[in-house]
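Enquirer: Provided herewith: my_file.cif, mmCIF, C-alpha atoms.
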```cif
data_target
loop_
_atom_site.group_PDB
_atom_site.id
_atom_site.type_symbol
_atom_site.label_atom_id
_atom_site.label_comp_id
_atom_site.auth_asym_id
_atom_site.auth_seq_id
_atom_site.Cartn_x
_atom_site.Cartn_y
_atom_site.Cartn_z
ATOM 1 C CA MET D 27 -12.589 9.242 8.787
ATOM 2 C CA ARG D 28 -10.752 8.976 12.082
ATOM 3 C CA GLU D 29 -7.083 9.885 12.253
ATOM 4 C CA ARG D 30 -6.074 6.262 12.824
ATOM 5 C CA GLU D 31 -8.018 5.189 9.735
ATOM 6 C CA ILE D 32 -6.244 7.864 7.684
ATOM 7 C CA VAL D 33 -2.837 6.702 8.922
ATOM 8 C CA ASP D 34 -3.712 3.056 8.197
ATOM 9 C CA GLY D 35 -5.072 3.870 4.744
ATOM 10 C CA LEU D 36 -2.101 6.000 3.741
ATOM 11 C CA TRP D 37 0.398 3.506 5.145
ATOM 12 C CA GLU D 38 -1.183 0.675 3.156
ATOM 13 C CA ARG D 39 -0.551 2.632 -0.038
ATOM 14 C CA ILE D 40 2.766 4.292 0.774
ATOM 15 C CA ALA D 41 4.610 1.228 2.069
ATOM 16 C CA PRO D 42 5.200 -0.262 -1.428
ATOM 17 C CA LEU D 43 6.423 3.139 -2.677
ATOM 18 C CA ILE D 44 9.222 3.612 -0.129
ATOM 19 C CA PRO D 45 12.570 2.511 -1.593
ATOM 20 C CA THR D 46 14.361 -0.204 0.378
ATOM 21 C CA ARG D 47 17.414 1.110 2.190
ATOM 22 C CA SER D 48 20.594 -0.865 1.668
ATOM 23 C CA ARG D 49 21.899 -2.471 4.833
ATOM 24 C CA ARG D 50 25.367 -1.558 6.074
ATOM 25 C CA PHE D 51 27.142 -4.639 7.432
ATOM 26 C CA ARG D 52 30.424 -3.227 8.722
ATOM 27 C CA TYR D 53 29.060 -0.199 10.551
ATOM 28 C CA PRO D 54 25.279 -0.722 10.671
ATOM 29 C CA GLY D 55 24.686 2.031 13.230
ATOM 30 C CA ARG D 56 21.485 2.355 15.192
ATOM 31 C CA LEU D 57 18.338 0.517 14.210
ATOM 32 C CA ALA D 58 16.177 2.728 11.980
ATOM 33 C CA ARG D 59 12.882 3.918 13.420
ATOM 34 C CA ASP D 60 9.634 2.506 12.101
ATOM 35 C CA ASP D 61 8.422 4.154 8.886
ATOM 36 C CA ARG D 62 4.767 3.842 9.857
ATOM 37 C CA ALA D 63 5.383 5.644 13.140
ATOM 38 C CA ALA D 64 7.190 8.385 11.208
ATOM 39 C CA LEU D 65 4.201 8.736 8.871
ATOM 40 C CA ALA D 66 1.863 9.054 11.869
ATOM 41 C CA GLY D 67 4.109 11.743 13.355
ATOM 42 C CA ILE D 68 4.249 13.682 10.085
ATOM 43 C CA LEU D 69 0.464 13.595 9.785
ATOM 44 C CA PHE D 70 0.104 14.783 13.381
ATOM 45 C CA VAL D 71 2.347 17.796 12.727
ATOM 46 C CA LEU D 72 0.492 18.504 9.477
ATOM 47 C CA ARG D 73 -2.907 18.363 11.160
ATOM 48 C CA THR D 74 -2.105 20.258 14.376
ATOM 49 C CA GLY D 75 0.545 22.682 13.101
ATOM 50 C CA ILE D 76 2.867 22.160 16.092
ATOM 51 C CA PRO D 77 6.646 22.636 15.685
ATOM 52 C CA TRP D 78 8.581 19.480 14.889
ATOM 53 C CA GLN D 79 10.474 19.725 18.183
ATOM 54 C CA GLN D 80 7.204 19.530 20.141
ATOM 55 C CA LEU D 81 6.070 16.215 18.678
ATOM 56 C CA PRO D 82 5.418 13.909 21.691
ATOM 57 C CA THR D 83 8.035 11.186 21.220
ATOM 58 C CA SER D 84 6.495 8.977 23.907
ATOM 59 C CA ALA D 85 3.184 8.847 22.011
ATOM 60 C CA PHE D 86 4.585 8.105 18.555
ATOM 61 C CA GLY D 87 7.864 6.343 19.265
ATOM 62 C CA VAL D 88 9.791 8.701 16.978
ATOM 63 C CA SER D 89 11.163 12.192 17.444
ATOM 64 C CA GLY D 90 10.153 15.238 15.459
ATOM 65 C CA SER D 91 13.636 15.356 13.907
ATOM 66 C CA THR D 92 13.237 11.806 12.621
ATOM 67 C CA CYS D 93 9.847 12.630 11.133
ATOM 68 C CA TRP D 94 11.285 15.731 9.467
ATOM 69 C CA ARG D 95 14.127 13.727 7.925
ATOM 70 C CA ARG D 96 11.714 11.096 6.593
ATOM 71 C CA LEU D 97 9.513 13.832 5.137
ATOM 72 C CA VAL D 98 12.499 15.320 3.289
ATOM 73 C CA ARG D 99 13.891 11.967 2.144
ATOM 74 C CA TRP D 100 10.557 10.751 0.794
ATOM 75 C CA GLN D 101 10.047 14.062 -0.985
ATOM 76 C CA GLN D 102 13.426 13.710 -2.695
ATOM 77 C CA GLN D 103 12.505 10.149 -3.696
ATOM 78 C CA GLY D 104 9.160 11.289 -5.130
ATOM 79 C CA VAL D 105 7.130 9.199 -2.687
ATOM 80 C CA TRP D 106 4.552 11.871 -1.803
ATOM 81 C CA GLN D 107 3.728 12.641 -5.441
ATOM 82 C CA ARG D 108 3.381 8.944 -6.288
ATOM 83 C CA LEU D 109 1.119 8.470 -3.263
ATOM 84 C CA HIS D 110 -1.175 11.203 -4.574
ATOM 85 C CA GLU D 111 -1.184 9.570 -8.028
ATOM 86 C CA VAL D 112 -2.072 6.152 -6.567
ATOM 87 C CA LEU D 113 -5.101 7.596 -4.782
ATOM 88 C CA LEU D 114 -6.231 9.508 -7.884
ATOM 89 C CA ALA D 115 -6.090 6.221 -9.813
ATOM 90 C CA GLU D 116 -8.198 4.518 -7.132
ATOM 91 C CA LEU D 117 -10.744 7.328 -7.298
ATOM 92 C CA ARG D 118 -10.967 6.936 -11.062
ATOM 93 C CA ALA D 119 -11.351 3.160 -10.732
ATOM 94 C CA ALA D 120 -14.216 3.767 -8.287
ATOM 95 C CA GLU D 121 -15.809 6.223 -10.759
ATOM 96 C CA ALA D 122 -15.409 8.993 -8.184
ATOM 97 C CA LEU D 123 -13.237 11.241 -10.379
ATOM 98 C CA ASP D 124 -14.743 13.434 -13.096
ATOM 99 C CA LEU D 125 -12.608 15.502 -15.478
ATOM 100 C CA ALA D 126 -15.477 16.848 -17.571
ATOM 101 C CA TYR D 127 -14.026 20.149 -16.398
ATOM 102 C CA ALA D 128 -11.440 21.382 -13.920
ATOM 103 C CA VAL D 129 -11.393 24.457 -11.698
ATOM 104 C CA VAL D 130 -8.366 26.595 -10.797
ATOM 105 C CA ASP D 131 -7.773 29.160 -8.071
ATOM 106 C CA ALA D 132 -5.084 30.448 -5.722
ATOM 107 C CA SER D 133 -4.866 31.313 -2.035
ATOM 108 C CA HIS D 134 -2.403 33.494 -0.091
ATOM 109 C CA VAL D 135 -0.661 32.233 3.035
ATOM 110 C CA ARG D 136 1.637 34.224 5.277
ATOM 111 C CA ALA D 137 5.288 33.111 5.340
ATOM 112 C CA LEU D 138 6.842 33.747 8.760
ATOM 113 C CA LYS D 139 10.349 32.911 7.538
ATOM 114 C CA ARG D 140 11.979 34.014 4.337
ATOM 115 C CA GLY D 141 13.075 31.381 1.882
ATOM 116 C CA ASP D 142 12.248 29.866 -1.496
ATOM 117 C CA HIS D 143 9.051 31.009 -3.220
ATOM 118 C CA VAL D 144 8.370 33.868 -0.800
ATOM 119 C CA GLY D 145 7.435 37.373 -1.925
ATOM 120 C CA PRO D 146 5.613 40.528 -0.798
ATOM 121 C CA SER D 147 1.928 39.695 -0.589
ATOM 122 C CA PRO D 148 -0.341 42.325 -2.204
ATOM 123 C CA VAL D 149 -3.244 41.289 0.047
ATOM 124 C CA ASP D 150 -1.245 41.449 3.293
ATOM 125 C CA ARG D 151 0.333 44.926 3.136
ATOM 126 C CA GLY D 152 3.445 43.629 1.432
ATOM 127 C CA ARG D 153 4.356 41.174 4.186
ATOM 128 C CA PRO D 154 6.261 38.046 3.112
ATOM 129 C CA GLY D 155 3.880 35.438 1.797
ATOM 130 C CA SER D 156 3.385 32.528 -0.565
ATOM 131 C CA LYS D 157 0.583 31.289 -2.779
ATOM 132 C CA HIS D 158 -1.031 27.884 -3.085
ATOM 133 C CA HIS D 159 -2.216 27.279 -6.648
ATOM 134 C CA LEU D 160 -4.794 24.495 -6.912
ATOM 135 C CA ILE D 161 -6.600 22.665 -9.705
ATOM 136 C CA THR D 162 -9.489 20.304 -8.914
ATOM 137 C CA ASP D 163 -11.987 18.097 -10.701
ATOM 138 C CA THR D 164 -15.729 18.746 -10.837
ATOM 139 C CA ALA D 165 -16.205 17.624 -7.203
ATOM 140 C CA GLY D 166 -13.226 19.482 -5.770
ATOM 141 C CA THR D 167 -10.771 16.561 -5.665
ATOM 142 C CA PRO D 168 -7.253 18.093 -5.763
ATOM 143 C CA LEU D 169 -5.466 17.083 -8.971
ATOM 144 C CA ALA D 170 -2.341 19.181 -8.489
ATOM 145 C CA VAL D 171 -1.094 21.952 -6.219
ATOM 146 C CA THR D 172 1.935 24.220 -6.662
ATOM 147 C CA LEU D 173 3.710 26.819 -4.535
ATOM 148 C CA THR D 174 4.930 30.265 -5.592
ATOM 149 C CA GLY D 175 5.781 33.590 -4.031
ATOM 150 C CA GLY D 176 2.921 35.748 -2.827
ATOM 151 C CA ASN D 177 3.600 38.358 -5.521
ATOM 152 C CA ARG D 178 3.172 35.998 -8.478
ATOM 153 C CA ASN D 179 0.191 36.631 -10.738
ATOM 154 C CA ASP D 180 -2.359 33.818 -10.770
ATOM 155 C CA VAL D 181 -2.562 33.636 -14.567
ATOM 156 C CA THR D 182 1.154 32.862 -14.901
ATOM 157 C CA GLN D 183 0.551 29.582 -13.049
ATOM 158 C CA LEU D 184 -2.361 28.416 -15.200
ATOM 159 C CA ILE D 185 -0.266 26.417 -17.671
ATOM 160 C CA PRO D 186 2.094 24.962 -15.012
ATOM 161 C CA LEU D 187 -0.988 23.786 -13.078
ATOM 162 C CA ILE D 188 -2.470 22.058 -16.120
ATOM 163 C CA ASP D 189 0.880 20.437 -16.922
ATOM 164 C CA ALA D 190 1.233 19.322 -13.278
ATOM 165 C CA ILE D 191 -1.834 17.051 -13.536
ATOM 166 C CA PRO D 192 -0.329 13.547 -13.486
ATOM 167 C CA PRO D 193 -1.445 10.770 -15.835
ATOM 168 C CA ILE D 194 -4.365 9.243 -13.925
ATOM 169 C CA ARG D 195 -4.696 5.496 -14.397
ATOM 170 C CA GLY D 196 -7.161 3.182 -12.687
ATOM 171 C CA ARG D 197 -9.127 2.060 -15.742
ATOM 172 C CA ARG D 198 -8.335 0.282 -18.982
ATOM 173 C CA GLY D 199 -7.111 2.433 -21.822
ATOM 174 C CA ARG D 200 -4.975 5.534 -21.942
ATOM 175 C CA PRO D 201 -4.346 7.427 -18.685
ATOM 176 C CA LEU D 202 -6.552 10.453 -18.111
ATOM 177 C CA ARG D 203 -4.672 13.741 -17.996
ATOM 178 C CA ARG D 204 -6.533 16.608 -19.595
ATOM 179 C CA PRO D 205 -9.951 18.019 -18.608
ATOM 180 C CA ARG D 206 -12.273 19.126 -21.364
ATOM 181 C CA LYS D 207 -12.768 22.605 -19.876
ATOM 182 C CA ILE D 208 -11.030 24.898 -17.400
ATOM 183 C CA TYR D 209 -13.041 27.252 -15.185
ATOM 184 C CA GLY D 210 -11.365 30.298 -13.659
ATOM 185 C CA ASP D 211 -12.152 33.726 -12.251
ATOM 186 C CA ARG D 212 -11.100 37.120 -13.614
ATOM 187 C CA SER D 213 -7.516 36.799 -12.387
ATOM 188 C CA TYR D 214 -6.950 34.241 -15.185
ATOM 189 C CA ASP D 215 -8.326 36.503 -17.922
ATOM 190 C CA HIS D 216 -5.564 36.901 -20.528
ATOM 191 C CA ASP D 217 -5.790 36.207 -24.251
ATOM 192 C CA LYS D 218 -2.273 34.757 -24.417
ATOM 193 C CA TYR D 219 -3.072 32.104 -21.815
ATOM 194 C CA ARG D 220 -6.440 31.378 -23.388
ATOM 195 C CA ARG D 221 -4.584 30.487 -26.596
ATOM 196 C CA LEU D 222 -2.123 28.302 -24.673
ATOM 197 C CA VAL D 223 -4.992 26.474 -22.985
ATOM 198 C CA ARG D 224 -6.749 25.880 -26.312
ATOM 199 C CA ALA D 225 -3.468 24.603 -27.787
ATOM 200 C CA ARG D 226 -3.660 21.794 -25.210
ATOM 201 C CA GLY D 227 -7.103 20.800 -26.429
ATOM 202 C CA ILE D 228 -8.900 22.394 -23.456
ATOM 203 C CA THR D 229 -11.700 24.958 -23.639
ATOM 204 C CA PRO D 230 -11.094 27.916 -21.277
ATOM 205 C CA VAL D 231 -14.201 29.217 -19.481
ATOM 206 C CA ILE D 232 -12.813 32.285 -17.723
ATOM 207 C CA ALA D 233 -14.619 35.399 -16.553
ATOM 208 C CA ARG D 234 -13.738 38.612 -18.383
ATOM 209 C CA ARG D 235 -12.424 41.643 -16.565
ATOM 210 C CA GLY D 236 -14.697 44.665 -16.544
ATOM 211 C CA THR D 237 -17.887 42.619 -16.806
ATOM 212 C CA GLY D 238 -20.519 42.512 -14.106
ATOM 213 C CA HIS D 239 -21.086 39.626 -11.756
ATOM 214 C CA GLY D 240 -23.783 37.074 -12.393
ATOM 215 C CA SER D 241 -22.028 35.118 -15.137
ATOM 216 C CA GLY D 242 -23.010 31.832 -13.496
ATOM 217 C CA LEU D 243 -19.414 30.585 -13.219
ATOM 218 C CA GLY D 244 -19.770 30.504 -9.451
ATOM 219 C CA GLN D 245 -22.078 27.503 -9.777
ATOM 220 C CA ARG D 246 -19.070 25.516 -11.057
ATOM 221 C CA ARG D 247 -16.181 27.312 -9.345
ATOM 222 C CA TRP D 248 -17.307 27.022 -5.729
ATOM 223 C CA VAL D 249 -15.818 23.528 -5.406
ATOM 224 C CA VAL D 250 -12.258 24.860 -5.475
ATOM 225 C CA GLU D 251 -13.052 27.212 -2.593
ATOM 226 C CA ARG D 252 -14.254 24.221 -0.593
ATOM 227 C CA SER D 253 -11.072 22.362 -1.525
ATOM 228 C CA PHE D 254 -8.983 25.197 -0.098
ATOM 229 C CA ALA D 255 -11.000 24.897 3.106
ATOM 230 C CA TRP D 256 -10.145 21.172 3.189
ATOM 231 C CA LEU D 257 -6.490 21.915 2.455
ATOM 232 C CA HIS D 258 -6.137 24.642 5.081
ATOM 233 C CA ALA D 259 -7.917 22.535 7.684
ATOM 234 C CA PHE D 260 -4.411 21.100 8.046
ATOM 235 C CA LYS D 261 -3.063 23.816 10.325
ATOM 236 C CA ARG D 262 0.527 23.438 9.169
ATOM 237 C CA LEU D 263 -0.572 24.784 5.762
ATOM 238 C CA ARG D 264 -2.467 27.870 6.981
ATOM 239 C CA THR D 265 0.818 29.636 7.637
ATOM 240 C CA ARG D 266 4.091 28.732 5.989
ATOM 241 C CA TYR D 267 6.826 28.014 8.548
ATOM 242 C CA GLU D 268 9.313 26.199 6.291
ATOM 243 C CA ARG D 269 12.116 28.089 4.602
ATOM 244 C CA ARG D 270 12.590 25.358 2.005
ATOM 245 C CA ALA D 271 9.920 25.185 -0.664
ATOM 246 C CA ASP D 272 10.364 21.441 -1.204
ATOM 247 C CA ILE D 273 9.397 20.713 2.415
ATOM 248 C CA HIS D 274 6.220 22.789 2.184
ATOM 249 C CA GLN D 275 5.440 21.178 -1.175
ATOM 250 C CA ALA D 276 5.786 17.760 0.465
ATOM 251 C CA LEU D 277 3.218 18.733 3.090
ATOM 252 C CA LEU D 278 0.884 19.994 0.365
ATOM 253 C CA SER D 279 1.149 16.699 -1.530
ATOM 254 C CA LEU D 280 0.504 14.706 1.646
ATOM 255 C CA ALA D 281 -2.560 16.820 2.457
ATOM 256 C CA CYS D 282 -3.906 16.265 -1.074
ATOM 257 C CA ALA D 283 -3.403 12.507 -0.643
ATOM 258 C CA ALA D 284 -5.293 12.578 2.668
ATOM 259 C CA ILE D 285 -8.177 14.480 1.046
ATOM 260 C CA CYS D 286 -8.289 11.945 -1.798
ATOM 261 C CA LEU D 287 -8.378 9.105 0.742
ATOM 262 C CA ARG D 288 -11.354 10.697 2.504
ATOM 263 C CA ARG D 289 -13.203 11.114 -0.772
ATOM 264 C CA LEU D 290 -12.472 7.496 -1.662
ATOM 265 C CA HIS D 291 -13.829 6.375 1.703
ATOM 266 C CA ASN D 292 -16.984 8.464 1.287
ATOM 267 C CA SER D 293 -17.588 7.129 -2.232
ATOM 268 C CA ASN D 294 -17.689 3.517 -1.074
#
```
Just give me the structure as structure tokens.
Expert:
Amino acid sequence: MREREIVDGLWERIAPLIPTRSRRFRYPGRLARDDRAALAGILFVLRTGIPWQQLPTSAFGVSGSTCWRRLVRWQQQGVWQRLHEVLLAELRAAEALDLAYAVVDASHVRALKRGDHVGPSPVDRGRPGSKHHLITDTAGTPLAVTLTGGNRNDVTQLIPLIDAIPPIRGRRGRPLRRPRKIYGDRSYDHDKYRRLVRARGITPVIARRGTGHGSGLGQRRWVVERSFAWLHAFKRLRTRYERRADIHQALLSLACAAICLRRLHNSN
């Protein structure tokens, strides 16, 4: 999909989700900038990774500061998460979402500024870093993504990831929320968390530590690696620049929504 098609597709779905701002009659102030232009500016920063101050105002009609404020406001209002849920429902309605099993994994990113959910990364000589924790369906569609410090163990985020899967509508009947199986690598091998997964009615299929390779799990797990490649194709997510975790989480949710939109377009 072209960038303009992505902006148009996301705007069509996000416009009904944005709460209406009450008008001030006595001191109305300046006319608010266009929300669609702000969305286009946010997507441009997400895709290119440029600083907010370098967003070309003449090309988008809004400044980087305005885009940043809209990003924060819509995150506080839950708009980005609802946008992701709307697209997951559309994928399910189009029979392009399969929760026969889900796949989990994590990826380190360097954090250039200290802030929330930042810790010494064990894979980057103890430099400050964060982790993206991702759970996908059988085709690699992102169901949920969370952010932690770079020193957090992957297995501790297994249950929060499962619980972060939203109720996916789109078809008649009860919303879909739980996969039948969970696939994970050796970093998720812990008997306590296997019991917690089973308590949720899910079968854990996790590689055991100390066993040789060749278990065959890679034939199912590779999709999450591809999903990380999709996610980190948005250059703003390859390195964490934001001090505030909620701002980075907003960008993660928006990137997941854009990936879902592409998959929906390809399924038609």
Enquirer: Using all atoms listed in the file, which protein or nucleic acid residues come within 7 Å of Leu187 (chain D)? Drop anything in the same chain fewer than 4 positions from it, and give the result as a list in words.
Expert: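 Those residues are Ile161, Ala170, Gln183 and Ile191 of chain D.
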Enquirer: Can you give me, as a VMD selection string, the residues this file yields under the PyMOL selection byres ((chain D and resi 133-135) around 8)?
Expert: chain D and resid 131 to 132 136 to 137 147 149 155 to 159 176 254 263 to 266
Enquirer: Have a look at CA of Ser253 (chain D) and CA of Gln107 (chain D) and let me know their distance in Å, one decimal.
Expert: 18.1 Å
Enquirer: How many Å lie between CA of Gly244 (chain D) and CA of Thr229 (chain D), rounded to one decimal?
Expert: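 CA of Thr229 (chain D) lies 17.2 Å from CA of Gly244 (chain D).
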Enquirer: Identify which of the residues D:Arg99, D:Arg206, D:Arg28, D:Arg212 lies closest to Thr164 (chain D), counting all atoms listed in the file when measuring atom-to-atom distances.
Expert: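 Among the listed residues, the smallest separation from Thr164 (chain D) belongs to D:Arg206.
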Enquirer: Restricting the calculation to only C-alpha atoms, which member of D:Arg200, D:Trp100, D:Val105, D:Ala119 is positioned closest to Arg39 (chain D)?
Expert: D:Val105
Enquirer: Between D:Val171, D:Val130, D:Leu278, D:Leu257, which residue has the minimum interatomic distance to Gly210 (chain D), considering all atoms listed in the file?
Expert: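 Counting all atoms listed in the file, the residue closest to Gly210 (chain D) is D:Val130.
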Enquirer: Name the residues that the PyMOL selection byres ((chain D and resi 38) around 12) picks from the file above, as number ranges by chain, using the file's chain letters and numbers.
Expert: D: 31-37, 39-44, 61-62, 65, 109, 112-113, 287
Enquirer: Have a look at D:Arg30, D:His258, D:Arg47, D:Arg140 and name the one nearest to Ile285 (chain D); count all atoms listed in the file.
Expert: D:His258
Enquirer: Could you name the residues that touch Trp94 (chain D) at 8 Å or less, counting only C-alpha atoms, but leaving out those on the same chain fewer than 3 positions away, as a PyMOL selection string?
Expert: chain D and resi 68+78+90-91+97-98
Enquirer: List the neighbours of Val223 (chain D) out to 9 Å using only C-alpha atoms; skip same-chain residues closer than 3 positions along the sequence, and give me the result as a PDB file with C-alpha atoms, keeping the file's coordinate frame.
Expert:
```pdb
ATOM      1  CA  LEU D 184      -2.361  28.416 -15.200  1.00  0.00           C
ATOM      2  CA  ILE D 185      -0.266  26.417 -17.671  1.00  0.00           C
ATOM      3  CA  ILE D 188      -2.470  22.058 -16.120  1.00  0.00           C
ATOM      4  CA  ILE D 208     -11.030  24.898 -17.400  1.00  0.00           C
ATOM      5  CA  LYS D 218      -2.273  34.757 -24.417  1.00  0.00           C
ATOM      6  CA  TYR D 219      -3.072  32.104 -21.815  1.00  0.00           C
ATOM      7  CA  ARG D 220      -6.440  31.378 -23.388  1.00  0.00           C
ATOM      8  CA  ARG D 226      -3.660  21.794 -25.210  1.00  0.00           C
ATOM      9  CA  GLY D 227      -7.103  20.800 -26.429  1.00  0.00           C
ATOM     10  CA  ILE D 228      -8.900  22.394 -23.456  1.00  0.00           C
ATOM     11  CA  THR D 229     -11.700  24.958 -23.639  1.00  0.00           C
ATOM     12  CA  PRO D 230     -11.094  27.916 -21.277  1.00  0.00           C
TER      13      PRO D 230
END
```
Enquirer: What is the distance between CA of Ile273 (chain D) and CA of His143 (chain D), in Å to one decimal?
Expert: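 Those two atoms sit 11.7 Å apart.
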Enquirer: Enumerate, as a PyMOL selection string, the protein, DNA and RNA residues whose atoms approach (7.9, 8.1, 19.5) to within 12 Å, taking into account all atoms listed in the file and the coordinate frame of the file.
Expert: chain D and resi 59-68+70+79-93
Enquirer: Box for region 256-263 of chain D - axis-aligned, 3 Å on each of the six sides, all listed atoms - centre and size in Å to one decimal, as AutoDock Vina command-line options.
Expert:
```
--center_x -4.8 --center_y 22.9 --center_z 6.4 --size_x 16.7 --size_y 9.7 --size_z 13.9
```
Enquirer: Please list as a ChimeraX atom specification every residue within 9 Å of Leu243 (chain D), counting only C-alpha atoms and excluding residues in the same chain fewer than 5 positions away.
Expert: /D:209-211,231-233,248
Enquirer: Kindly save the residues from that selection, with C-alpha atoms included, as a PDB file, keeping the file's coordinate frame.
Expert:
```pdb
ATOM      1  CA  TYR D 209     -13.041  27.252 -15.185  1.00  0.00           C
ATOM      2  CA  GLY D 210     -11.365  30.298 -13.659  1.00  0.00           C
ATOM      3  CA  ASP D 211     -12.152  33.726 -12.251  1.00  0.00           C
ATOM      4  CA  VAL D 231     -14.201  29.217 -19.481  1.00  0.00           C
ATOM      5  CA  ILE D 232     -12.813  32.285 -17.723  1.00  0.00           C
ATOM      6  CA  ALA D 233     -14.619  35.399 -16.553  1.00  0.00           C
ATOM      7  CA  TRP D 248     -17.307  27.022  -5.729  1.00  0.00           C
TER       8      TRP D 248
END
```
Enquirer: For region 166-180 of chain D, which lacks atoms in the input, supply N, CA, C and O atoms and format the output as a tab-separated table (two decimals), in the coordinates of the input.
Expert:
```tsv
chain	number	residue	atom	x	y	z
D	166	GLY	N	-14.17	18.86	-6.68
D	166	GLY	CA	-13.23	19.48	-5.77
D	166	GLY	C	-12.07	18.59	-5.36
D	166	GLY	O	-11.29	18.96	-4.48
D	167	THR	N	-11.92	17.42	-5.98
D	167	THR	CA	-10.77	16.56	-5.66
D	167	THR	C	-9.49	17.21	-6.17
D	167	THR	O	-9.40	17.56	-7.35
D	168	PRO	N	-8.49	17.42	-5.32
D	168	PRO	CA	-7.25	18.09	-5.76
D	168	PRO	C	-6.48	17.24	-6.75
D	168	PRO	O	-6.12	16.10	-6.46
D	169	LEU	N	-6.24	17.78	-7.94
D	169	LEU	CA	-5.47	17.08	-8.97
D	169	LEU	C	-3.99	17.46	-8.91
D	169	LEU	O	-3.13	16.62	-9.16
D	170	ALA	N	-3.72	18.71	-8.60
D	170	ALA	CA	-2.34	19.18	-8.49
D	170	ALA	C	-2.34	20.47	-7.69
D	170	ALA	O	-3.30	21.24	-7.71
D	171	VAL	N	-1.25	20.72	-6.98
D	171	VAL	CA	-1.09	21.95	-6.22
D	171	VAL	C	0.36	22.38	-6.33
D	171	VAL	O	1.28	21.56	-6.28
D	172	THR	N	0.58	23.68	-6.53
D	172	THR	CA	1.94	24.22	-6.66
D	172	THR	C	2.11	25.39	-5.70
D	172	THR	O	1.13	25.95	-5.19
D	173	LEU	N	3.35	25.76	-5.49
D	173	LEU	CA	3.71	26.82	-4.54
D	173	LEU	C	4.53	27.88	-5.25
D	173	LEU	O	5.48	27.56	-5.97
D	174	THR	N	4.16	29.15	-5.05
D	174	THR	CA	4.93	30.26	-5.59
D	174	THR	C	5.01	31.37	-4.54
D	174	THR	O	4.39	31.29	-3.48
D	175	GLY	N	5.74	32.42	-4.89
D	175	GLY	CA	5.78	33.59	-4.03
D	175	GLY	C	4.45	34.32	-4.03
D	175	GLY	O	3.66	34.21	-4.97
D	176	GLY	N	4.20	35.07	-2.96
D	176	GLY	CA	2.92	35.75	-2.83
D	176	GLY	C	2.68	36.85	-3.84
D	176	GLY	O	1.55	37.31	-3.99
D	177	ASN	N	3.74	37.28	-4.55
D	177	ASN	CA	3.60	38.36	-5.52
D	177	ASN	C	3.43	37.85	-6.95
D	177	ASN	O	3.39	38.65	-7.88
D	178	ARG	N	3.34	36.54	-7.13
D	178	ARG	CA	3.17	36.00	-8.48
D	178	ARG	C	1.72	36.12	-8.92
D	178	ARG	O	0.79	35.85	-8.15
D	179	ASN	N	1.54	36.50	-10.19
D	179	ASN	CA	0.19	36.63	-10.74
D	179	ASN	C	-0.41	35.25	-10.96
D	179	ASN	O	0.25	34.33	-11.43
D	180	ASP	N	-1.70	35.12	-10.65
D	180	ASP	CA	-2.36	33.82	-10.77
D	180	ASP	C	-2.28	33.26	-12.19
D	180	ASP	O	-2.06	32.06	-12.38
```
